[in-house]
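Visitor: Structure file entry-v7.txt (compact mmCIF, C-alpha atoms) is given on the next line.
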# COMPACT_ATOMS: atom_id res chain seq x y z
CA MET J 27 13.43 33.07 62.47
CA SER J 28 10.91 31.75 64.95
CA ARG J 29 7.16 32.21 64.82
CA HIS J 30 4.99 32.14 67.89
CA ARG J 31 1.34 31.74 68.73
CA ILE J 32 0.47 34.54 71.14
CA ARG J 33 -2.63 35.44 73.08
CA VAL J 34 -2.98 39.01 74.29
CA THR J 35 -5.93 40.60 76.05
CA VAL J 36 -6.45 43.86 74.15
CA ASN J 37 -8.97 46.32 75.51
CA GLY J 38 -10.59 43.52 77.47
CA ALA J 39 -10.92 41.05 74.59
CA SER J 40 -8.67 38.04 74.14
CA ARG J 41 -6.89 38.15 70.76
CA GLU J 42 -4.79 35.39 69.26
CA ALA J 43 -2.38 35.37 66.35
CA GLU J 44 0.73 33.70 65.03
CA VAL J 45 3.50 36.27 64.74
CA ASP J 46 7.17 36.58 63.80
CA ALA J 47 9.46 36.91 66.80
CA ARG J 48 10.57 40.29 65.50
CA LEU J 49 7.07 41.78 65.17
CA LEU J 50 6.81 44.86 67.36
CA LEU J 51 3.81 45.33 69.62
CA VAL J 52 2.80 48.54 67.80
CA HIS J 53 2.67 46.69 64.47
CA PHE J 54 0.75 43.83 66.06
CA LEU J 55 -1.85 46.33 67.22
CA ARG J 56 -2.00 48.32 63.99
CA ASP J 57 -1.39 45.77 61.22
CA VAL J 58 -2.68 42.53 62.73
CA LEU J 59 -5.54 43.79 64.92
CA HIS J 60 -6.20 46.93 62.83
CA LEU J 61 -6.26 49.12 65.92
CA THR J 62 -4.74 52.17 64.26
CA GLY J 63 -5.37 54.59 67.12
CA THR J 64 -1.87 53.82 68.37
CA HIS J 65 0.53 55.82 66.20
CA VAL J 66 4.08 55.23 65.04
CA GLY J 67 5.95 58.47 65.51
CA CYS J 68 9.72 58.57 65.82
CA ASP J 69 10.06 54.76 65.93
CA THR J 70 13.14 55.26 68.14
CA THR J 71 11.76 55.20 71.71
CA HIS J 72 11.67 58.98 72.04
CA CYS J 73 8.31 60.45 71.13
CA GLY J 74 5.72 58.32 72.91
CA ALA J 75 3.10 58.48 70.10
CA CYS J 76 2.90 54.66 70.38
CA THR J 77 2.20 54.64 74.13
CA VAL J 78 -0.12 51.88 75.34
CA LEU J 79 -0.76 50.41 78.76
CA LEU J 80 0.90 47.03 79.25
CA ASP J 81 -0.50 45.37 82.37
CA GLY J 82 -1.58 48.88 83.38
CA ALA J 83 1.77 50.62 82.94
CA PRO J 84 2.38 53.02 80.03
CA VAL J 85 5.11 51.80 77.67
CA LYS J 86 6.35 52.65 74.20
CA SER J 87 4.93 49.89 72.01
CA CYS J 88 7.54 50.48 69.28
CA THR J 89 10.08 49.12 71.76
CA VAL J 90 8.28 45.98 72.90
CA LEU J 91 8.06 42.73 70.95
CA ALA J 92 4.58 41.34 70.40
CA VAL J 93 5.81 38.03 71.83
CA GLN J 94 6.71 39.82 75.06
CA ALA J 95 3.04 40.74 75.43
CA ASP J 96 1.93 37.10 75.22
CA GLY J 97 -0.41 36.34 78.11
CA ARG J 98 -0.57 39.96 79.18
CA GLU J 99 -3.07 42.82 78.99
CA VAL J 100 -2.82 45.76 76.62
CA MET J 101 -5.00 48.85 76.67
CA THR J 102 -5.00 51.20 73.68
CA VAL J 103 -6.78 54.49 73.13
CA GLU J 104 -9.65 52.55 71.53
CA GLY J 105 -10.33 50.90 74.89
CA LEU J 106 -10.95 54.09 76.86
CA GLU J 107 -14.47 54.99 75.76
CA LYS J 108 -17.18 53.25 77.78
CA ASP J 109 -20.78 52.96 76.51
CA GLY J 110 -20.40 55.88 74.16
CA LYS J 111 -18.96 58.08 76.89
CA LEU J 112 -15.46 59.48 76.57
CA HIS J 113 -12.89 58.78 79.28
CA PRO J 114 -12.39 61.87 81.46
CA VAL J 115 -8.94 62.37 79.94
CA GLN J 116 -10.40 62.27 76.41
CA GLU J 117 -13.07 64.69 77.56
CA GLY J 118 -10.33 66.95 78.95
CA PHE J 119 -8.52 67.00 75.61
CA TRP J 120 -11.83 67.86 73.91
CA GLU J 121 -12.78 70.60 76.36
CA MET J 122 -9.36 72.22 76.68
CA HIS J 123 -8.33 71.82 73.04
CA GLY J 124 -5.44 69.60 74.05
CA LEU J 125 -4.32 68.95 70.49
CA GLN J 126 -3.38 70.64 67.29
CA CYS J 127 -2.40 68.09 64.61
CA GLY J 128 -3.45 65.21 66.87
CA TYR J 129 -0.58 62.89 66.06
CA CYS J 130 0.79 62.63 69.60
CA THR J 131 -2.68 62.62 71.16
CA PRO J 132 -3.34 58.88 71.64
CA GLY J 133 0.03 58.47 73.34
CA MET J 134 -0.45 61.60 75.43
CA VAL J 135 -3.89 60.38 76.49
CA MET J 136 -2.65 56.93 77.50
CA ALA J 137 0.26 58.37 79.48
CA ALA J 138 -2.13 60.81 81.16
CA VAL J 139 -4.62 58.06 82.04
CA SER J 140 -1.88 56.17 83.83
CA LEU J 141 -0.58 59.33 85.47
CA LEU J 142 -4.00 60.12 86.95
CA GLU J 143 -4.60 56.55 88.05
CA GLU J 144 -1.44 56.80 90.12
CA ASN J 145 -1.90 60.39 91.20
CA PRO J 146 -5.53 61.58 90.82
CA ASN J 147 -4.73 65.16 91.91
CA PRO J 148 -1.41 66.13 90.35
CA THR J 149 0.07 69.60 90.36
CA GLU J 150 0.85 71.21 87.03
CA ALA J 151 4.54 70.38 87.58
CA GLU J 152 3.69 66.74 88.25
CA VAL J 153 1.69 66.57 85.02
CA ARG J 154 4.58 68.03 83.06
CA GLU J 155 7.04 65.60 84.63
CA GLY J 156 4.69 62.68 84.14
CA LEU J 157 4.42 63.42 80.43
CA GLU J 158 8.17 63.81 79.89
CA GLY J 159 8.22 60.75 77.67
CA ASN J 160 5.66 62.15 75.22
CA LEU J 161 6.59 64.74 72.63
CA CYS J 162 4.22 67.13 70.85
CA ARG J 163 5.79 68.60 67.73
CA CYS J 164 3.12 71.31 67.58
CA THR J 165 4.53 72.22 71.02
CA GLY J 166 0.98 72.33 72.29
CA TYR J 167 2.04 71.35 75.77
CA HIS J 168 0.18 74.13 77.54
CA ASN J 169 -3.25 72.90 76.52
CA ILE J 170 -2.25 69.27 76.95
CA VAL J 171 -1.37 69.99 80.57
CA GLN J 172 -4.63 71.92 80.98
CA ALA J 173 -6.52 68.95 79.55
CA VAL J 174 -5.00 66.57 82.09
CA LEU J 175 -5.70 68.98 84.94
CA TYR J 176 -9.28 69.29 83.67
CA ALA J 177 -9.64 65.51 83.76
CA ALA J 178 -8.27 65.47 87.30
CA SER J 179 -10.71 68.19 88.34
CA THR J 180 -13.68 66.03 87.29
CA GLY J 181 -12.62 63.63 90.04
CA SER J 182 -13.82 60.72 87.95
CA VAL J 183 -10.52 58.98 87.29
CA LYS J 184 -10.33 56.11 89.71
CA ALA J 185 -7.15 55.78 91.69
CA MET M 3 11.83 49.95 61.43
CA PHE M 4 12.04 46.45 62.76
CA PRO M 5 14.85 44.14 63.87
CA ALA M 6 16.51 41.57 61.64
CA SER M 7 15.10 38.07 62.07
CA PHE M 8 15.99 36.12 65.17
CA ASP M 9 14.81 33.16 67.21
CA TYR M 10 12.99 34.11 70.39
CA HIS M 11 13.22 32.06 73.58
CA ALA M 12 11.20 32.68 76.72
CA PRO M 13 12.58 30.31 79.37
CA GLY M 14 10.73 29.93 82.63
CA THR M 15 13.78 29.37 84.82
CA LEU M 16 17.24 30.85 85.18
CA ALA M 17 18.81 27.41 84.53
CA GLU M 18 17.01 27.13 81.17
CA ALA M 19 18.05 30.67 80.26
CA VAL M 20 21.68 29.98 81.04
CA ALA M 21 21.54 26.71 79.07
CA LEU M 22 20.20 28.58 76.04
CA LEU M 23 22.96 31.17 76.33
CA ALA M 24 25.57 28.42 76.70
CA ARG M 25 24.24 26.76 73.55
CA HIS M 26 24.17 29.89 71.40
CA ARG M 27 27.05 31.84 72.99
CA GLU M 28 27.94 34.96 70.95
CA GLU M 29 24.87 34.46 68.74
CA ALA M 30 22.55 35.16 71.66
CA LYS M 31 21.62 38.25 73.67
CA VAL M 32 19.70 38.51 76.93
CA LEU M 33 16.45 40.46 76.57
CA SER M 34 15.61 42.16 79.87
CA GLY M 35 13.65 45.44 79.61
CA GLY M 36 14.66 45.77 75.97
CA GLN M 37 14.88 49.56 76.09
CA SER M 38 18.49 49.64 74.87
CA LEU M 39 18.65 46.34 73.01
CA LEU M 40 15.54 46.66 70.85
CA PRO M 41 16.33 50.20 69.57
CA LEU M 42 19.83 48.99 68.74
CA MET M 43 18.42 46.00 66.86
CA LYS M 44 15.89 48.17 65.01
CA LEU M 45 18.74 50.37 63.81
CA ARG M 46 20.54 47.13 62.80
CA LEU M 47 23.50 48.06 64.97
CA GLY M 48 23.10 44.58 66.38
CA GLN M 49 21.65 41.46 64.76
CA PRO M 50 21.71 38.65 67.34
CA GLY M 51 20.44 35.33 66.04
CA HIS M 52 18.77 34.47 69.33
CA LEU M 53 17.08 36.50 72.03
CA VAL M 54 16.73 34.92 75.45
CA ASP M 55 13.91 36.79 77.17
CA ILE M 56 14.35 36.64 80.95
CA GLY M 57 11.02 38.44 81.41
CA ARG M 58 9.14 35.29 82.38
CA ILE M 59 11.57 34.05 85.02
CA PRO M 60 10.13 34.59 88.50
CA GLY M 61 12.13 36.11 91.35
CA LEU M 62 14.35 38.60 89.53
CA GLU M 63 12.64 41.81 90.64
CA TYR M 64 13.22 42.91 94.24
CA VAL M 65 14.81 45.65 96.32
CA GLU M 66 15.73 44.58 99.85
CA GLU M 67 18.35 44.97 102.56
CA ARG M 68 19.94 41.79 103.91
CA ASP M 69 23.28 40.87 105.51
CA GLY M 70 24.74 44.34 105.26
CA VAL M 71 23.90 44.90 101.62
CA LEU M 72 21.14 46.38 99.55
CA ALA M 73 20.22 43.63 97.08
CA ILE M 74 18.57 44.67 93.83
CA GLY M 75 17.24 41.95 91.51
CA GLY M 76 18.74 42.23 88.05
CA ARG M 77 15.41 42.67 86.30
CA THR M 78 14.13 45.33 88.74
CA ARG M 79 12.53 48.14 86.75
CA GLU M 80 13.78 51.69 87.08
CA ALA M 81 10.22 52.71 87.95
CA ALA M 82 10.28 50.32 90.92
CA LEU M 83 13.50 51.90 92.18
CA GLU M 84 11.98 55.36 91.88
CA ARG M 85 8.96 54.31 93.93
CA SER M 86 10.83 52.29 96.54
CA GLU M 87 10.55 53.84 100.01
CA LEU M 88 13.78 52.08 101.00
CA ILE M 89 15.67 53.61 98.07
CA ARG M 90 14.26 57.07 98.69
CA ALA M 91 15.01 56.97 102.40
CA ARG M 92 18.45 55.34 102.43
CA TYR M 93 19.97 55.50 98.95
CA PRO M 94 19.50 59.03 97.57
CA LEU M 95 22.22 58.49 94.97
CA ILE M 96 20.24 55.60 93.46
CA ALA M 97 16.98 57.56 93.72
CA ASP M 98 18.59 60.53 91.92
CA THR M 99 19.93 58.25 89.21
CA ALA M 100 16.76 56.27 88.50
CA ALA M 101 14.75 59.48 88.16
CA VAL M 102 16.88 60.86 85.31
CA ILE M 103 17.18 57.73 83.18
CA ALA M 104 15.41 58.25 79.83
CA ASP M 105 11.76 59.11 80.57
CA PRO M 106 8.93 57.70 82.72
CA LEU M 107 7.60 55.40 79.98
CA VAL M 108 10.99 53.87 79.30
CA ARG M 109 11.56 53.48 83.04
CA ASN M 110 8.48 51.26 83.27
CA LEU M 111 10.35 48.61 81.28
CA ALA M 112 14.06 49.44 81.59
CA THR M 113 15.92 47.37 84.17
CA VAL M 114 18.85 48.04 86.47
CA GLY M 115 20.67 44.90 85.40
CA GLY M 116 20.22 45.81 81.76
CA ASN M 117 21.51 49.33 82.33
CA LEU M 118 24.73 47.82 83.71
CA ALA M 119 25.11 44.74 81.49
CA HIS M 120 24.66 46.78 78.30
CA GLY M 121 28.13 48.23 78.96
CA ASP M 122 27.25 51.67 77.62
CA PRO M 123 29.35 54.37 79.34
CA ALA M 124 26.51 56.80 78.64
CA ASN M 125 24.17 54.84 80.91
CA ASP M 126 23.64 56.28 84.37
CA HIS M 127 23.76 53.34 86.79
CA PRO M 128 27.39 52.41 86.08
CA ALA M 129 28.81 55.64 87.54
CA ALA M 130 26.40 55.51 90.47
CA MET M 131 27.23 51.90 91.28
CA ILE M 132 30.95 52.64 90.99
CA ALA M 133 30.53 55.47 93.52
CA LEU M 134 28.62 53.12 95.82
CA GLY M 135 31.23 50.38 95.57
CA ALA M 136 28.64 47.88 94.35
CA ILE M 137 29.24 44.37 93.12
CA VAL M 138 27.14 42.42 90.64
CA VAL M 139 26.24 38.76 90.70
CA ALA M 140 26.65 36.86 87.44
CA THR M 141 24.78 33.59 87.05
CA GLY M 142 26.20 31.09 84.56
CA PRO M 143 26.42 27.34 83.92
CA LYS M 144 28.79 26.87 86.86
CA GLY M 145 26.69 28.83 89.32
CA THR M 146 27.16 32.38 90.49
CA ARG M 147 30.17 34.64 90.85
CA GLU M 148 30.63 38.19 92.04
CA ILE M 149 32.19 40.97 89.98
CA ALA M 150 33.06 44.39 91.44
CA VAL M 151 31.32 47.05 89.36
CA ASP M 152 34.57 48.93 88.85
CA ARG M 153 35.91 45.83 87.08
CA LEU M 154 32.74 45.07 85.13
CA PHE M 155 33.34 47.44 82.24
CA THR M 156 36.12 46.28 79.94
CA GLY M 157 35.51 48.50 76.92
CA LEU M 158 32.84 50.28 74.92
CA PHE M 159 29.74 48.06 75.16
CA SER M 160 31.94 45.31 76.62
CA THR M 161 31.73 43.80 80.07
CA ALA M 162 33.41 41.06 82.10
CA LEU M 163 30.22 38.98 81.78
CA GLU M 164 30.66 35.77 79.80
CA PRO M 165 28.27 35.16 76.89
CA ASP M 166 26.49 32.52 78.99
CA GLU M 167 26.17 34.65 82.13
CA ILE M 168 23.22 36.73 83.26
CA LEU M 169 23.54 39.68 85.62
CA THR M 170 21.07 38.55 88.26
CA GLU M 171 21.71 40.81 91.25
CA ILE M 172 23.38 44.07 92.26
CA ARG M 173 24.73 44.33 95.82
CA VAL M 174 25.38 47.72 97.35
CA PRO M 175 27.06 47.96 100.75
CA THR M 176 24.65 49.36 103.32
CA PRO M 177 25.92 52.88 104.07
CA PRO M 178 26.99 53.61 107.66
CA SER M 179 25.43 56.55 109.48
CA GLY M 180 26.75 59.90 108.32
CA SER M 181 26.54 58.86 104.68
CA GLY M 182 25.02 60.67 101.74
CA GLY M 183 25.04 60.53 97.98
CA ALA M 184 23.93 62.46 94.94
CA TYR M 185 23.83 62.21 91.15
CA ARG M 186 24.03 65.34 89.04
CA LYS M 187 23.42 65.06 85.30
CA LEU M 188 23.45 67.57 82.48
CA GLU M 189 21.28 66.60 79.51
CA ARG M 190 20.35 68.68 76.47
CA LYS M 191 16.74 67.59 76.79
CA VAL M 192 14.72 65.07 78.76
CA GLY M 193 15.57 61.52 77.83
CA ASP M 194 18.94 62.28 76.29
CA PHE M 195 22.13 60.63 77.40
CA ALA M 196 24.28 62.74 79.71
CA THR M 197 26.45 65.46 78.25
CA ALA M 198 28.23 64.88 81.54
CA ALA M 199 27.17 63.51 84.92
CA ALA M 200 28.76 62.82 88.29
CA ALA M 201 27.86 60.37 91.04
CA VAL M 202 29.15 60.83 94.59
CA GLN M 203 28.71 58.66 97.66
CA LEU M 204 30.49 59.68 100.87
CA THR M 205 30.60 59.06 104.59
CA LEU M 206 31.52 61.80 107.06
CA GLY M 207 33.23 61.16 110.40
CA ALA M 208 32.21 62.74 113.72
CA GLY M 209 34.36 65.79 113.00
CA GLY M 210 32.98 66.23 109.49
CA GLU M 211 36.05 64.74 107.81
CA ILE M 212 35.52 62.40 104.87
CA GLU M 213 35.98 58.77 105.88
CA ARG M 214 34.93 57.18 102.62
CA VAL M 215 34.09 58.55 99.22
CA GLY M 216 33.31 57.13 95.79
CA ILE M 217 33.09 59.24 92.64
CA GLY M 218 31.89 57.98 89.26
CA LEU M 219 31.54 59.85 85.97
CA THR M 220 29.06 59.09 83.18
CA ASN M 221 29.85 59.44 79.46
CA ALA M 222 33.41 60.51 80.19
CA GLY M 223 35.25 57.89 78.15
CA PRO M 224 34.86 54.44 76.56
CA THR M 225 34.03 53.01 79.98
CA PRO M 226 32.47 54.59 83.08
CA VAL M 227 35.13 56.49 85.01
CA LYS M 228 36.07 56.02 88.67
CA ALA M 229 37.73 59.26 89.72
CA VAL M 230 40.41 57.63 91.86
CA ASP M 231 42.69 60.67 92.35
CA ALA M 232 39.80 62.82 93.52
CA GLU M 233 38.67 60.09 95.91
CA ARG M 234 42.19 59.73 97.37
CA TYR M 235 42.59 63.46 97.75
CA LEU M 236 39.37 63.79 99.74
CA ILE M 237 40.02 61.13 102.38
CA GLY M 238 40.48 62.76 105.78
CA LYS M 239 39.54 66.24 104.53
CA ARG M 240 36.60 68.45 105.38
CA LEU M 241 34.57 69.75 102.49
CA ASP M 242 34.92 73.49 101.93
CA ASP M 243 35.13 75.63 98.81
CA GLY M 244 38.81 74.84 98.39
CA THR M 245 38.65 71.05 98.81
CA VAL M 246 35.51 70.77 96.68
CA ALA M 247 37.20 72.75 93.91
CA GLU M 248 40.37 70.66 94.02
CA ALA M 249 38.46 67.34 94.10
CA ALA M 250 36.30 68.45 91.18
CA ARG M 251 39.40 69.47 89.23
CA LEU M 252 40.99 66.07 89.83
CA ALA M 253 37.80 64.26 88.82
CA ALA M 254 37.59 66.25 85.57
CA GLU M 255 41.19 65.31 84.82
CA ALA M 256 40.16 61.65 84.92
CA ALA M 257 37.48 62.29 82.29
CA ARG M 258 38.31 61.24 78.72
CA PRO M 259 35.22 62.38 76.83
CA THR M 260 34.97 62.48 73.06
CA ALA M 261 33.56 65.39 71.06
CA ASP M 262 30.11 64.92 69.53
CA ARG M 263 26.95 66.94 69.04
CA ARG M 264 26.63 67.21 72.82
CA GLY M 265 29.80 69.26 73.04
CA THR M 266 33.54 69.52 72.68
CA VAL M 267 36.04 67.65 74.82
CA GLU M 268 36.84 70.86 76.74
CA TYR M 269 33.17 71.60 77.42
CA LYS M 270 32.39 68.10 78.60
CA ARG M 271 35.40 67.99 80.89
CA GLU M 272 34.42 71.36 82.34
CA MET M 273 30.89 70.08 82.91
CA ALA M 274 32.28 66.98 84.63
CA ARG M 275 34.12 69.36 86.97
CA VAL M 276 31.06 71.48 87.71
CA LEU M 277 28.77 68.50 88.24
CA THR M 278 31.28 66.72 90.50
CA ALA M 279 31.41 69.83 92.70
CA ARG M 280 27.62 70.01 92.85
CA ALA M 281 27.26 66.29 93.60
CA LEU M 282 29.90 66.53 96.35
CA ARG M 283 28.09 69.42 98.03
CA LYS M 284 24.70 67.72 97.78
CA ALA M 285 26.06 64.40 99.06
CA ALA M 286 27.62 66.15 102.08
CA GLU M 287 24.39 68.01 102.78
CA ARG M 288 22.51 64.72 102.76
CA ALA M 289 25.14 63.04 104.93
CA LYS M 290 24.33 65.68 107.54
CA GLY M 291 20.63 64.82 107.38
CA GLY M 292 19.45 67.04 104.54
CA ARG M 293 17.17 65.82 101.78
Represent the structure contained in this file as structure tokens.

Guide:
Amino acid sequence: MSRHRIRVTVNGASREAEVDARLLLVHFLRDVLHLTGTHVGCDTTHCGACTVLLDGAPVKSCTVLAVQADGREVMTVEGLEKDGKLHPVQEGFWEMHGLQCGYCTPGMVMAAVSLLEENPNPTEAEVREGLEGNLCRCTGYHNIVQAVLYAASTGSVKA
Amino acid sequence: MFPASFDYHAPGTLAEAVALLARHREEAKVLSGGQSLLPLMKLRLGQPGHLVDIGRIPGLEYVEERDGVLAIGGRTREAALERSELIRARYPLIADTAAVIADPLVRNLATVGGNLAHGDPANDHPAAMIALGAIVVATGPKGTREIAVDRLFTGLFSTALEPDEILTEIRVPTPPSGSGGAYRKLERKVGDFATAAAAVQLTLGAGGEIERVGIGLTNAGPTPVKAVDAERYLIGKRLDDGTVAEAARLAAEAARPTADRRGTVEYKREMARVLTARALRKAAERAKGGR
């Protein structure tokens, strides 16, 4: 079993640690860096609760090794708020009640942030397709979609 | 869940990667996008002693036409295929396929080479590449060699790749004018493997007769299926209700699905028939200039 010294930029800050080769990125974030906003849901690459941005692209962090993130940038839900102000997508989830139990929310939010960065004015269908990799077991999809459309309507997500 | 212990290697060049594979042989696996391999390792269905991560080797992600072929770098992400203007404009079968693999998050990491090299008959690219008549390039200690995709799959999760070879490129013949393709997949829910799926690539002559056709089936047996009888039947024919029905029937006969929670053998074979018919019609429509 090999161990590796890795350096990952997480939410803008450089973080270093020595990790087992088999440590998953989600456990690196939660157990090593104590960033518990990223959730472990199904743990089988289906649900998307563990979604983070890796070099800007949303990925399922339960299916990435921490060593694969060495030298790269990770953004988690903790990195969205700026100067005490919620990210427009977070604001959308607040305003449109885009959650029930909240378990899928961090992953939904990260996937939505990426979706809007690529397509700042999506149709409802495009939002639904863009969030295909994120499951909500409360089946609260309607309000989640409304939340993303709300965020888009603020026009404050930079493309 | 987490994988059993292993040694991780992140070579910076293809030569180093191949040397590592040659040293560890059956003990080693290539880590590309990791979207099939890591779940399998977490479930302890596989416990390789060494992972050779090709993620840090430059020059393995590209989509370009050259010398009469479309060349796709082995580590090209599915998301890159989906977004490629070239793929969308000229290779609708590949565009169809990339868009229905797993889900958008998985497609940001999953790679075309991995989808093929994994040897899973439930994966989507194998059938599509069979229909397109693609070849893959394997890079090993002695250099590179080409393998026709329809000879790549030797058994369930087994391929003609040697333990010290890496699938570095996929080459698809550039389609002549009058060509079209389509992939039609039935899945119980987004992200699931296909209950059944059919890939069709065809070229129509001036009179509308079929000059060339390739048909591949997903999840229709231990290896991806090339529907040879259906292909042979169609050459020289025009597509109408009768010829589509007969070709679809022949394709379904080539299917050897197994019963599981996605359906019975009879159901899956019937779906292979229906989806082949739909893919044939769509491919012909596109060959005539439709979208």

Visitor: Identify all chain M residues at most 7 Å from chain J by counting all atoms listed in the file; ligands do not count. Present them as a PyMOL selection string.

Guide: chain M and resi 3-5+7-10+37+40-41+105-108+110+192

Visitor: Select, from M:His120, M:Lys144, M:Arg293, M:Arg186, the residue with the minimum atom-to-atom distance to M:Gly157, counting all atoms listed in the file.

Guide: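 Among M:His120, M:Lys144, M:Arg293, M:Arg186, it is M:His120 that comes nearest to M:Gly157.
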
Visitor: Quick one: residues within 6 Å of stretch 207-218 of chain M, only C-alpha atoms, excluding same-chain residues fewer than 6 positions away - as a list of chain:residue names?

Guide: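 These residues fall inside the cut-off: M:Ala129, M:Ile132, M:Ala133, M:Ala200, M:Ala201, M:Val227, M:Lys228, M:Ala229, M:Glu233, M:Ile237, M:Gly238, M:Lys239, M:Arg240.
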
Visitor: What does the structure give for the distance between atom CA of M:Ala6 and atom CA of M:Glu29, in Å to one decimal?

Guide: 13.1 Å

Visitor: Quick one: pull the distance between atom CA of M:Ile103 and atom CA of M:His52, Å, one decimal.

Guide: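 These two atoms are separated by 27.1 Å.
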
Visitor: Might you pull out every residue within 12 Å of stretch 139-144 of chain J, with all atoms listed in the file counted and same-chain residues fewer than 6 positions away left off, and present them as a ChimeraX atom specification?

Guide: /J:77-85,101-103,105-106,113-119,131-133,152-159,171,173-185 /M:85,106-107,110

Visitor: What's around M:Asp55 at 12 Å? Count all atoms listed in the file, leave out sequence neighbours fewer than 3 positions away in its own chain, and write the answer as JSON, numbers by chain.

Guide: {"J": [47, 90, 91, 93, 94, 95], "M": [9, 10, 11, 12, 13, 14, 15, 16, 18, 19, 20, 22, 23, 30, 31, 32, 33, 34, 35, 36, 39, 40, 52, 58, 59, 77, 116, 168]}

Visitor: For the selection you just gave me, I'd like the residues written to a file as a compact mmCIF listing (two decimals), in the frame of the given file, keeping C-alpha atoms.

Guide:
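Result file is again_37.txt:
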# COMPACT_ATOMS: atom_id res chain seq x y z
CA ALA J 47 9.46 36.91 66.80
CA VAL J 90 8.28 45.98 72.90
CA LEU J 91 8.06 42.73 70.95
CA VAL J 93 5.81 38.03 71.83
CA GLN J 94 6.71 39.82 75.06
CA ALA J 95 3.04 40.74 75.43
CA ASP M 9 14.81 33.16 67.21
CA TYR M 10 12.99 34.11 70.39
CA HIS M 11 13.22 32.06 73.58
CA ALA M 12 11.20 32.68 76.72
CA PRO M 13 12.58 30.31 79.37
CA GLY M 14 10.73 29.93 82.63
CA THR M 15 13.78 29.37 84.82
CA LEU M 16 17.24 30.85 85.18
CA GLU M 18 17.01 27.13 81.17
CA ALA M 19 18.05 30.67 80.26
CA VAL M 20 21.68 29.98 81.04
CA LEU M 22 20.20 28.58 76.04
CA LEU M 23 22.96 31.17 76.33
CA ALA M 30 22.55 35.16 71.66
CA LYS M 31 21.62 38.25 73.67
CA VAL M 32 19.70 38.51 76.93
CA LEU M 33 16.45 40.46 76.57
CA SER M 34 15.61 42.16 79.87
CA GLY M 35 13.65 45.44 79.61
CA GLY M 36 14.66 45.77 75.97
CA LEU M 39 18.65 46.34 73.01
CA LEU M 40 15.54 46.66 70.85
CA HIS M 52 18.77 34.47 69.33
CA ARG M 58 9.14 35.29 82.38
CA ILE M 59 11.57 34.05 85.02
CA ARG M 77 15.41 42.67 86.30
CA GLY M 116 20.22 45.81 81.76
CA ILE M 168 23.22 36.73 83.26

Visitor: Could you work out how far atom CA of M:Ala285 lies from atom CA of M:Ser181, giving the answer in Å with one decimal?

Guide: 7.9 Å

Visitor: Neighbouring residues of J:Ile170 were defined as those with any atom within 8 Å, considering all atoms listed in the file; residues of the same chain fewer than 6 positions away were excluded. Please report them as a list in words.

Guide: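 Once the adjacent positions are removed, what remains is Phe119, Met122, His123, Gly124 and Leu125 of chain J.
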
Visitor: Pick out the residues sitting within 12 Å of M:Glu255, and hand them over as a VMD selection string; count only C-alpha atoms, and ignore anything fewer than 4 positions along from it in its own chain.

Guide: chain M and resid 219 222 to 223 227 to 232 248 to 251 259 267 to 268 270 to 275 278

Visitor: With C-alpha atoms kept, could you save the residues just selected as a short mmCIF file (atom, residue, chain, number, x, y, z; two decimals), in the coordinates of the input?

Guide:
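The new file result_14.cif reads:
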data_model
loop_
_atom_site.label_atom_id
_atom_site.label_comp_id
_atom_site.auth_asym_id
_atom_site.auth_seq_id
_atom_site.Cartn_x
_atom_site.Cartn_y
_atom_site.Cartn_z
CA LEU M 219 31.54 59.85 85.97
CA ALA M 222 33.41 60.51 80.19
CA GLY M 223 35.25 57.89 78.15
CA VAL M 227 35.13 56.49 85.01
CA LYS M 228 36.07 56.02 88.67
CA ALA M 229 37.73 59.26 89.72
CA VAL M 230 40.41 57.63 91.86
CA ASP M 231 42.69 60.67 92.35
CA ALA M 232 39.80 62.82 93.52
CA GLU M 248 40.37 70.66 94.02
CA ALA M 249 38.46 67.34 94.10
CA ALA M 250 36.30 68.45 91.18
CA ARG M 251 39.40 69.47 89.23
CA PRO M 259 35.22 62.38 76.83
CA VAL M 267 36.04 67.65 74.82
CA GLU M 268 36.84 70.86 76.74
CA LYS M 270 32.39 68.10 78.60
CA ARG M 271 35.40 67.99 80.89
CA GLU M 272 34.42 71.36 82.34
CA MET M 273 30.89 70.08 82.91
CA ALA M 274 32.28 66.98 84.63
CA ARG M 275 34.12 69.36 86.97
CA THR M 278 31.28 66.72 90.50
#

Visitor: Between J:Val52, J:Asp109, J:Tyr167, J:Leu59, which one has atoms that come closest to J:Cys130, using only C-alpha atoms?

Guide: J:Tyr167

Visitor: Please output stretch 133-137 of chain M, rebuilt to include N, CA and C atoms, as a compact mmCIF listing (two decimals), in the coordinates of the input.

Guide:
# COMPACT_ATOMS: atom_id res chain seq x y z
N ALA M 133 30.41 54.60 92.34
CA ALA M 133 30.53 55.47 93.52
C ALA M 133 30.11 54.73 94.79
N LEU M 134 29.13 53.85 94.66
CA LEU M 134 28.62 53.12 95.82
C LEU M 134 29.47 51.90 96.17
N GLY M 135 30.42 51.56 95.31
CA GLY M 135 31.23 50.38 95.57
C GLY M 135 30.44 49.09 95.46
N ALA M 136 29.53 49.04 94.50
CA ALA M 136 28.64 47.88 94.35
C ALA M 136 29.37 46.71 93.70
N ILE M 137 28.81 45.53 93.89
CA ILE M 137 29.24 44.37 93.12
C ILE M 137 28.01 43.79 92.42
